[in-house]
Each structure stands twice: as C-alpha cells, then as structure tokens.
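Working notes, structure below.
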Amino acid sequence: MKFLHSVFLGFILSAAASLTSCTDDKDVAPVAGQMTLQLEHVAGSAPLTLNGTAPYKTAAGDDFTVTTFRYYISNIKLGKADGTEFVQPESYYLIDEAKADSKIFTIPNVPAGDYTKLTFTIGVDSARNVAGAQTGALAPSDMFWKWDSGYIYTKLEGRSAQSPSGGILFHIGGFKKPNNTIRTVSPALGSSSIRVRNGSTPTVHLKADVLKMFTGPNTVRFATLSSTMGGPDAMLIADNQAAGMFTVAHIQSN
C-alpha cells in the first residue's frame with residue numbers, strides 16, 4: 001500500500017512539474033540582445049579621406065576630392081527567414097565622416113534570433129520632415145532646409161577640375177512628389193546571417209562608396225551637373241545611392 005501511495009504521489013508531482021514547465025515556457029518572452037552597425041566610407045577601393053590632395057576618379061573619368069560627407073539612415077529593420085521583422089523604434093542616425101563616433105552605434109532590445117535581412121532608409125521619413133528641426137540626430141540645422149523643404153538626406157561637398165565653378169555640392173533631399181528622394185535599401189547579407197543572442201553582440205560592417213553616387217542607373221558628369229539642392233537632379237543621385245552605395249563587407253559575431 002505504501003508502495004502504491006509513493007508511486008501515485010510521484011506521478012502527481014511529475015505532472016505538476018510538467019504543467020509548471022509548460023506554463024513557464026509559454027509565458028517567458030523571447031530573450032533580447034543587441035547588434036552593432038559600423039560604417040566605413042570608401043571611394044572605390046580607397047578609404048575616403050576628407051580634404052585629401054589626391055583626387056578620386058568617377059566611373060566616367062571625372063576627378064574630385066571631398067570636404068564634407070554626411071547622410072541620414074533611419075527606420076532600421078531586421079527580418080527573419082519566416083518573414084517576421086524587428087523594427088527599431090525612433091531610429092534616426094546622422095553619419096558624418098568627420099566624426100568617427102557617428103559611424104558606429106548599437107541597436108538595443110533586439111529579440112534573439114537569426115536575421116537574414118537588413119533594411120534601412122537613406123534619409124528621413126516624410127512625417128519627420130514636416131515636424132520641423134528636432135532633437136538628437138535630427139537637430140543639426142546644417143542638415144535642414146525649412147519646414148516645407150525638410151531635411152538634407154545626404155550632403156557631399158568638395159572640389160573637381162571638371163566642374164565649371166571648381167566645386168561640387170550635392171545636397172540630396174526632398175520628400176514631395178515628383179522629387180521624393182527618400183530611398184529604402186536592403187544590402188545583401190549573402191550566405192551570412194545576423195545572429196543575435198543574449199550576451200553576444202554581432203557587428204554588421206557596412207561600406208558606403210561615394211563613387212556610387214555618380215554611377216549606376218545615372219551617369220553624372222561634373223561638367224554638366226556639379227551642384228544640386230533637391231529637385232530632379234537630386235533624384236538622379238538618390239537613385240544611384242539606392243542602387244549600390246551600401247554593401248555589407250562582413251558580419252562579425254562577438
């Protein structure tokens with residue numbers, strides 16, 4: 001009788017433990033981790049240098065040097081193979097070649113998992129454009145025109161012997177049709193994935209190639225187009241940027 005009682009008690013305890021385990025597993029939220037994005041600016045195979053004396057050469061053969069290179073990336077998303085997404089809230093970053101700390105940042109509270117897609121916007125969404133100059137990354141006045149024109153999404157300035165004025169000035173922005181220059185890109189990860197785990201932070205190394213602003217769907221020659229501040233000409237540059245300015249160099253797991 002004692003034996004049967006012990007067996008019955010053991011069964012009850014085992015079932016209770018199993019039910020508790022199932023309940024706990026169901027109620028526990030996915031563990032969050034984080035990931036880092038690191039930007040490297042290049043001109044083809046050469047590192048980008050501001051105020052350099054040796055000029056870079058476009059695919060069309062024009063020479064140029066760079067004095068300023070800044071751009072916004074925003075609305076960062078990570079996608080899994082099953083179609084689910086993580087969207088970073090309030091993700092607006094101003095990347096500036098002159099500021100090393102702007103070229104690396106960490107995205108917190110990313111649900112653990114294997115992500116096969118990285119998507120972000122080059123520029124600032126239309127809602128923020130009409131909200132006026134703001135705080136944080138959206139505060140700099142030299143990247144904002146006015147309330148009805150909005151933000152400058154990409155700013156590249158420099159010098160070129162082929163330019164009639166000797167200078168180049170490309171301020172790419174505009175959120176209204178027909179000259180909406182907001183572009184969303186998803187640089188290919190190849191066979192790699194972004195493996196986010198609690199206690200392990202992967203780093204995605206992105207390259208931004210300034211030469212790609214002047215080649216791709218549209219060939220830009222500085223003799224005929226050396227300056228733009230929005231409008232149809234800015235659309236040409238924006239389309240080039242979306243076509244290949246950003247590439248994933250590699251993904252490092254830490």
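In the structure tokens, chains take the letters A, B, ... in the order shown, each chain's residues start at 1, and ligands count up from 1 in the order shown.
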
If you count only C-alpha atoms, which residues fall within 8 Å of Arg70 in chain A, apart from same-chain ones fewer than 4 positions away, as a PyMOL selection string? chain A and resi 94-97+154-156

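Taking only C-alpha atoms, the non-local environment of Gln38 in chain A within 7 Å (same-chain residues fewer than 4 positions away omitted) comprises A:Lys103, A:Ile104, A:Phe105, A:Thr203, A:Val204, A:His205, A:Leu206.
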
Within 9 Å of range 208-220 of chain A, which residues of range 9-122 of chain A come that close, and what is the closest atom pair and distance in Å for each? Count only C-alpha atoms and give it as a Markdown table.
```
| residue | atom | partner | partner_atom | distance |
| --- | --- | --- | --- | --- |
| A:Leu39 | CA | A:Ala208 | CA | 7.0 |
| A:Glu40 | CA | A:Ala208 | CA | 6.2 |
| A:His41 | CA | A:Ala208 | CA | 4.9 |
| A:Val42 | CA | A:Asp209 | CA | 4.9 |
| A:Ala43 | CA | A:Asp209 | CA | 5.2 |
| A:Gly44 | CA | A:Asp209 | CA | 6.2 |
| A:Ser45 | CA | A:Asp209 | CA | 8.8 |
| A:Leu48 | CA | A:Val210 | CA | 8.1 |
| A:Tyr56 | CA | A:Leu211 | CA | 8.3 |
| A:Lys57 | CA | A:Leu211 | CA | 7.8 |
| A:Thr58 | CA | A:Leu211 | CA | 5.8 |
| A:Ala59 | CA | A:Thr215 | CA | 6.5 |
| A:Ala60 | CA | A:Thr219 | CA | 7.2 |
| A:Phe69 | CA | A:Val210 | CA | 8.7 |
```

Suppose we keep all heavy atoms; can you now write the selection as a tab-separated table (two decimals), in the first residue's frame?
```tsv
chain	number	residue	atom	x	y	z
A	39	LEU	N	29.94	51.72	-39.92
A	39	LEU	CA	30.03	52.24	-41.29
A	39	LEU	C	31.48	52.56	-41.65
A	39	LEU	O	32.22	53.13	-40.85
A	39	LEU	CB	29.20	53.51	-41.44
A	39	LEU	CG	27.67	53.43	-41.57
A	39	LEU	CD1	27.27	52.65	-42.80
A	39	LEU	CD2	27.03	52.87	-40.33
A	40	GLU	N	31.85	52.18	-42.85
A	40	GLU	CA	33.16	52.52	-43.41
A	40	GLU	C	32.94	53.25	-44.73
A	40	GLU	O	32.22	52.76	-45.60
A	40	GLU	CB	34.00	51.27	-43.64
A	40	GLU	CG	35.36	51.54	-44.27
A	40	GLU	CD	36.11	50.28	-44.64
A	40	GLU	OE1	35.59	49.17	-44.39
A	40	GLU	OE2	37.20	50.40	-45.22
A	41	HIS	N	33.53	54.42	-44.88
A	41	HIS	CA	33.37	55.22	-46.09
A	41	HIS	C	34.55	55.03	-47.02
A	41	HIS	O	35.71	55.14	-46.59
A	41	HIS	CB	33.20	56.69	-45.73
A	41	HIS	CG	31.99	56.96	-44.89
A	41	HIS	ND1	31.87	58.04	-44.04
A	41	HIS	CD2	30.82	56.26	-44.77
A	41	HIS	CE1	30.71	58.01	-43.45
A	41	HIS	NE2	30.06	56.94	-43.87
A	42	VAL	N	34.25	54.75	-48.27
A	42	VAL	CA	35.30	54.48	-49.25
A	42	VAL	C	34.98	55.22	-50.54
A	42	VAL	O	33.87	55.72	-50.75
A	42	VAL	CB	35.44	52.97	-49.53
A	42	VAL	CG1	35.83	52.22	-48.27
A	42	VAL	CG2	34.13	52.40	-50.10
A	43	ALA	N	35.97	55.28	-51.41
A	43	ALA	CA	35.79	55.74	-52.79
A	43	ALA	C	36.38	54.64	-53.66
A	43	ALA	O	37.59	54.60	-53.90
A	43	ALA	CB	36.49	57.07	-53.04
A	44	GLY	N	35.54	53.70	-54.04
A	44	GLY	CA	36.03	52.52	-54.73
A	44	GLY	C	36.81	51.65	-53.76
A	44	GLY	O	36.31	51.27	-52.70
A	45	SER	N	38.05	51.36	-54.08
A	45	SER	CA	38.89	50.52	-53.21
A	45	SER	C	39.70	51.34	-52.20
A	45	SER	O	40.40	50.78	-51.37
A	45	SER	CB	39.85	49.69	-54.06
A	45	SER	OG	40.69	50.53	-54.85
A	48	LEU	N	37.91	56.71	-47.82
A	48	LEU	CA	37.56	58.10	-48.05
A	48	LEU	C	38.32	58.99	-47.07
A	48	LEU	O	38.35	58.73	-45.87
A	48	LEU	CB	36.05	58.31	-47.85
A	48	LEU	CG	35.56	59.74	-48.07
A	48	LEU	CD1	35.74	60.16	-49.52
A	48	LEU	CD2	34.11	59.89	-47.64
A	56	TYR	N	39.92	61.47	-56.22
A	56	TYR	CA	39.28	60.22	-56.60
A	56	TYR	C	38.77	60.37	-58.03
A	56	TYR	O	38.61	61.48	-58.54
A	56	TYR	CB	38.12	59.90	-55.66
A	56	TYR	CG	38.54	59.83	-54.21
A	56	TYR	CD1	38.09	60.78	-53.30
A	56	TYR	CD2	39.39	58.83	-53.74
A	56	TYR	CE1	38.48	60.74	-51.97
A	56	TYR	CE2	39.78	58.79	-52.42
A	56	TYR	CZ	39.32	59.74	-51.53
A	56	TYR	OH	39.71	59.70	-50.22
A	57	LYS	N	38.49	59.25	-58.67
A	57	LYS	CA	38.03	59.30	-60.07
A	57	LYS	C	36.71	58.55	-60.20
A	57	LYS	O	36.59	57.41	-59.76
A	57	LYS	CB	39.08	58.69	-61.00
A	57	LYS	CG	38.78	58.91	-62.49
A	57	LYS	CD	39.88	58.32	-63.35
A	57	LYS	CE	41.17	59.10	-63.22
A	57	LYS	NZ	41.06	60.46	-63.83
A	58	THR	N	35.72	59.19	-60.79
A	58	THR	CA	34.43	58.55	-61.01
A	58	THR	C	34.54	57.54	-62.15
A	58	THR	O	35.53	57.51	-62.89
A	58	THR	CB	33.35	59.58	-61.37
A	58	THR	OG1	33.64	60.12	-62.67
A	58	THR	CG2	33.29	60.70	-60.35
A	59	ALA	N	33.50	56.72	-62.30
A	59	ALA	CA	33.49	55.73	-63.38
A	59	ALA	C	33.55	56.40	-64.74
A	59	ALA	O	34.06	55.81	-65.70
A	59	ALA	CB	32.25	54.86	-63.27
A	60	ALA	N	33.06	57.64	-64.83
A	60	ALA	CA	33.07	58.37	-66.10
A	60	ALA	C	34.39	59.11	-66.34
A	60	ALA	O	34.58	59.71	-67.39
A	60	ALA	CB	31.91	59.37	-66.14
A	69	PHE	N	31.07	64.94	-46.02
A	69	PHE	CA	30.24	63.79	-46.38
A	69	PHE	C	29.42	63.39	-45.17
A	69	PHE	O	29.94	62.92	-44.17
A	69	PHE	CB	31.09	62.61	-46.86
A	69	PHE	CG	30.28	61.42	-47.32
A	69	PHE	CD1	29.28	61.58	-48.27
A	69	PHE	CD2	30.52	60.15	-46.82
A	69	PHE	CE1	28.53	60.49	-48.71
A	69	PHE	CE2	29.79	59.06	-47.25
A	69	PHE	CZ	28.79	59.22	-48.18
```

Using only C-alpha atoms, I'd like a table of the residues in range 126-146 of chain A that come within 12 Å of range 178-187 of chain A; for each, show the closest atom pair and its distance in Å rounded to one decimal, ordered by chain and ascending number, as JSON lines.
```
{"residue": "A:Ser126", "atom": "CA", "partner": "A:Ile182", "partner_atom": "CA", "distance": 8.4}
{"residue": "A:Ala127", "atom": "CA", "partner": "A:Ile182", "partner_atom": "CA", "distance": 11.9}
{"residue": "A:Asn129", "atom": "CA", "partner": "A:Ile182", "partner_atom": "CA", "distance": 10.9}
```

Pairwise distance for CA of Thr67 in chain A and CA of Val248 in chain A, rounded to one decimal in Å: 24.9 Å

Selection near Asp125 in chain A, 9 Å with only C-alpha atoms, sequence-local residues under 5 positions removed, as a ChimeraX atom specification: /A:74-75,175,182

Next, the residues of the selection above should be written as a PDB file, in the first residue's frame with C-alpha atoms.
```
ATOM      1  CA  SER A  74      16.699  55.669 -40.368  1.00  0.00           C
ATOM      2  CA  ASN A  75      13.865  53.186 -39.849  1.00  0.00           C
ATOM      3  CA  PHE A 175      10.006  64.279 -49.765  1.00  0.00           C
ATOM      4  CA  ILE A 182      13.709  59.084 -49.803  1.00  0.00           C
TER       5      ILE A 182
END
```

I'd like the contact shell of Ile172 in chain A - 8 Å cut-off, only C-alpha atoms, skipping same-chain residues fewer than 4 positions apart - returned as a ChimeraX atom specification. /A:152-155,181,228-230,234-235,237-238

Which residue of A:Lys146, A:Gly123, A:Ser192, A:Asp62 approaches Ser226 in chain A most closely, using only C-alpha atoms: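 So, comparing all the options, the nearest one is A:Asp62.
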
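The nearest approach to Pro140 in chain A among the residues A:Tyr93, A:Gly33, A:Ala54, A:Gly190, with only C-alpha atoms taken into account, belongs to A:Tyr93.
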
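Within 10 Å of Arg128 in chain A, once only C-alpha atoms are used and residues closer than 3 positions along the same chain are dropped, the contacting residues are Val124, Asp125, Ala131, Gly132, Ala133, Gln134, Leu138, Trp147, Gly150 and Tyr151 of chain A.
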
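What separates CA of Ala137 in chain A from CA of Thr201 in chain A is a distance of 23.4 Å.
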
DSSP on the backbone, then: every residue of range 195-245 of chain A marked strand (DSSP E or B), written as a PyMOL selection string. chain A and resi 195-197+200+203-209+227-229

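Closest approach to Ala242 in chain A among A:Asn198, A:Thr135, A:Thr36, A:Thr119 is made by A:Thr119 (distances from only C-alpha atoms).
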
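CA of Gly231 in chain A lies 9.7 Å from CA of Lys176 in chain A.
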
Taking the chain letters and numbering used in this document, name the residues of range 84-150 of chain A that DSSP puts in helix (DSSP H, G or I), as an NGL selection string. :A and (100-103 or 126-129 or 136-138 or 141-143)

Pull N, CA, C and O atoms from the residues just selected and write them as a PDB file, in the first residue's frame.
```pdb
ATOM      1  N   ALA A 100      34.155  60.233 -36.041  1.00  0.00           N
ATOM      2  CA  ALA A 100      34.342  58.781 -36.008  1.00  0.00           C
ATOM      3  C   ALA A 100      33.269  58.080 -35.181  1.00  0.00           C
ATOM      4  O   ALA A 100      32.810  56.986 -35.542  1.00  0.00           O
ATOM      5  N   ASP A 101      32.845  58.699 -34.069  1.00  0.00           N
ATOM      6  CA  ASP A 101      31.874  58.033 -33.205  1.00  0.00           C
ATOM      7  C   ASP A 101      30.485  57.958 -33.823  1.00  0.00           C
ATOM      8  O   ASP A 101      29.631  57.202 -33.351  1.00  0.00           O
ATOM      9  N   SER A 102      30.235  58.733 -34.887  1.00  0.00           N
ATOM     10  CA  SER A 102      28.929  58.664 -35.550  1.00  0.00           C
ATOM     11  C   SER A 102      28.843  57.442 -36.460  1.00  0.00           C
ATOM     12  O   SER A 102      27.730  57.060 -36.868  1.00  0.00           O
ATOM     13  N   LYS A 103      29.958  56.824 -36.761  1.00  0.00           N
ATOM     14  CA  LYS A 103      29.986  55.735 -37.737  1.00  0.00           C
ATOM     15  C   LYS A 103      29.862  54.354 -37.101  1.00  0.00           C
ATOM     16  O   LYS A 103      29.982  53.334 -37.785  1.00  0.00           O
ATOM     17  N   SER A 126       8.811  61.192 -44.275  1.00  0.00           N
ATOM     18  CA  SER A 126       8.096  62.434 -44.552  1.00  0.00           C
ATOM     19  C   SER A 126       7.472  63.049 -43.303  1.00  0.00           C
ATOM     20  O   SER A 126       7.411  64.275 -43.171  1.00  0.00           O
ATOM     21  N   ALA A 127       7.022  62.219 -42.348  1.00  0.00           N
ATOM     22  CA  ALA A 127       6.395  62.756 -41.136  1.00  0.00           C
ATOM     23  C   ALA A 127       7.368  63.629 -40.353  1.00  0.00           C
ATOM     24  O   ALA A 127       6.999  64.695 -39.841  1.00  0.00           O
ATOM     25  N   ARG A 128       8.608  63.206 -40.257  1.00  0.00           N
ATOM     26  CA  ARG A 128       9.608  63.989 -39.542  1.00  0.00           C
ATOM     27  C   ARG A 128      10.041  65.214 -40.331  1.00  0.00           C
ATOM     28  O   ARG A 128      10.455  66.211 -39.764  1.00  0.00           O
ATOM     29  N   ASN A 129       9.938  65.159 -41.638  1.00  0.00           N
ATOM     30  CA  ASN A 129      10.303  66.319 -42.455  1.00  0.00           C
ATOM     31  C   ASN A 129       9.402  67.509 -42.183  1.00  0.00           C
ATOM     32  O   ASN A 129       9.852  68.654 -42.188  1.00  0.00           O
ATOM     33  N   GLY A 136      18.299  65.520 -30.919  1.00  0.00           N
ATOM     34  CA  GLY A 136      19.127  64.365 -31.235  1.00  0.00           C
ATOM     35  C   GLY A 136      19.732  64.454 -32.613  1.00  0.00           C
ATOM     36  O   GLY A 136      20.178  65.509 -33.057  1.00  0.00           O
ATOM     37  N   ALA A 137      19.711  63.319 -33.329  1.00  0.00           N
ATOM     38  CA  ALA A 137      20.296  63.283 -34.674  1.00  0.00           C
ATOM     39  C   ALA A 137      19.568  64.206 -35.639  1.00  0.00           C
ATOM     40  O   ALA A 137      20.146  64.646 -36.633  1.00  0.00           O
ATOM     41  N   LEU A 138      18.315  64.513 -35.354  1.00  0.00           N
ATOM     42  CA  LEU A 138      17.520  65.353 -36.252  1.00  0.00           C
ATOM     43  C   LEU A 138      17.655  66.840 -35.951  1.00  0.00           C
ATOM     44  O   LEU A 138      16.996  67.663 -36.585  1.00  0.00           O
ATOM     45  N   SER A 141      21.094  71.994 -37.666  1.00  0.00           N
ATOM     46  CA  SER A 141      20.461  72.939 -38.586  1.00  0.00           C
ATOM     47  C   SER A 141      21.099  72.925 -39.966  1.00  0.00           C
ATOM     48  O   SER A 141      20.465  73.314 -40.953  1.00  0.00           O
ATOM     49  N   ASP A 142      22.367  72.478 -40.055  1.00  0.00           N
ATOM     50  CA  ASP A 142      23.014  72.471 -41.364  1.00  0.00           C
ATOM     51  C   ASP A 142      22.591  71.269 -42.210  1.00  0.00           C
ATOM     52  O   ASP A 142      23.060  71.098 -43.330  1.00  0.00           O
ATOM     53  N   MET A 143      21.684  70.426 -41.661  1.00  0.00           N
ATOM     54  CA  MET A 143      21.121  69.319 -42.435  1.00  0.00           C
ATOM     55  C   MET A 143      19.610  69.504 -42.613  1.00  0.00           C
ATOM     56  O   MET A 143      18.892  68.552 -42.899  1.00  0.00           O
TER      57      MET A 143
END
```

Give the answer as one residue: which of A:Asn254, A:Ser160, A:Thr116, A:Thr106 has the shortest atom-to-atom distance to Glu85 in chain A, using only C-alpha atoms?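 That would be A:Thr116, the residue with the smallest distance to Glu85 in chain A.
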
Contacts of Val110 in chain A within 8 Å, only C-alpha atoms, excl. fewer than 2 positions in-chain, as a list in words: Ala32, Gly33, Gln34, Met35, Phe86, Ile107, Pro108, Ala112 and Val196 of chain A

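Of the residues under consideration (A:Asn240, A:Ala46, A:Thr68, A:Ser227), A:Ser227 shows the shortest atom-to-atom contact distance to Gly166 in chain A when counting only C-alpha atoms.
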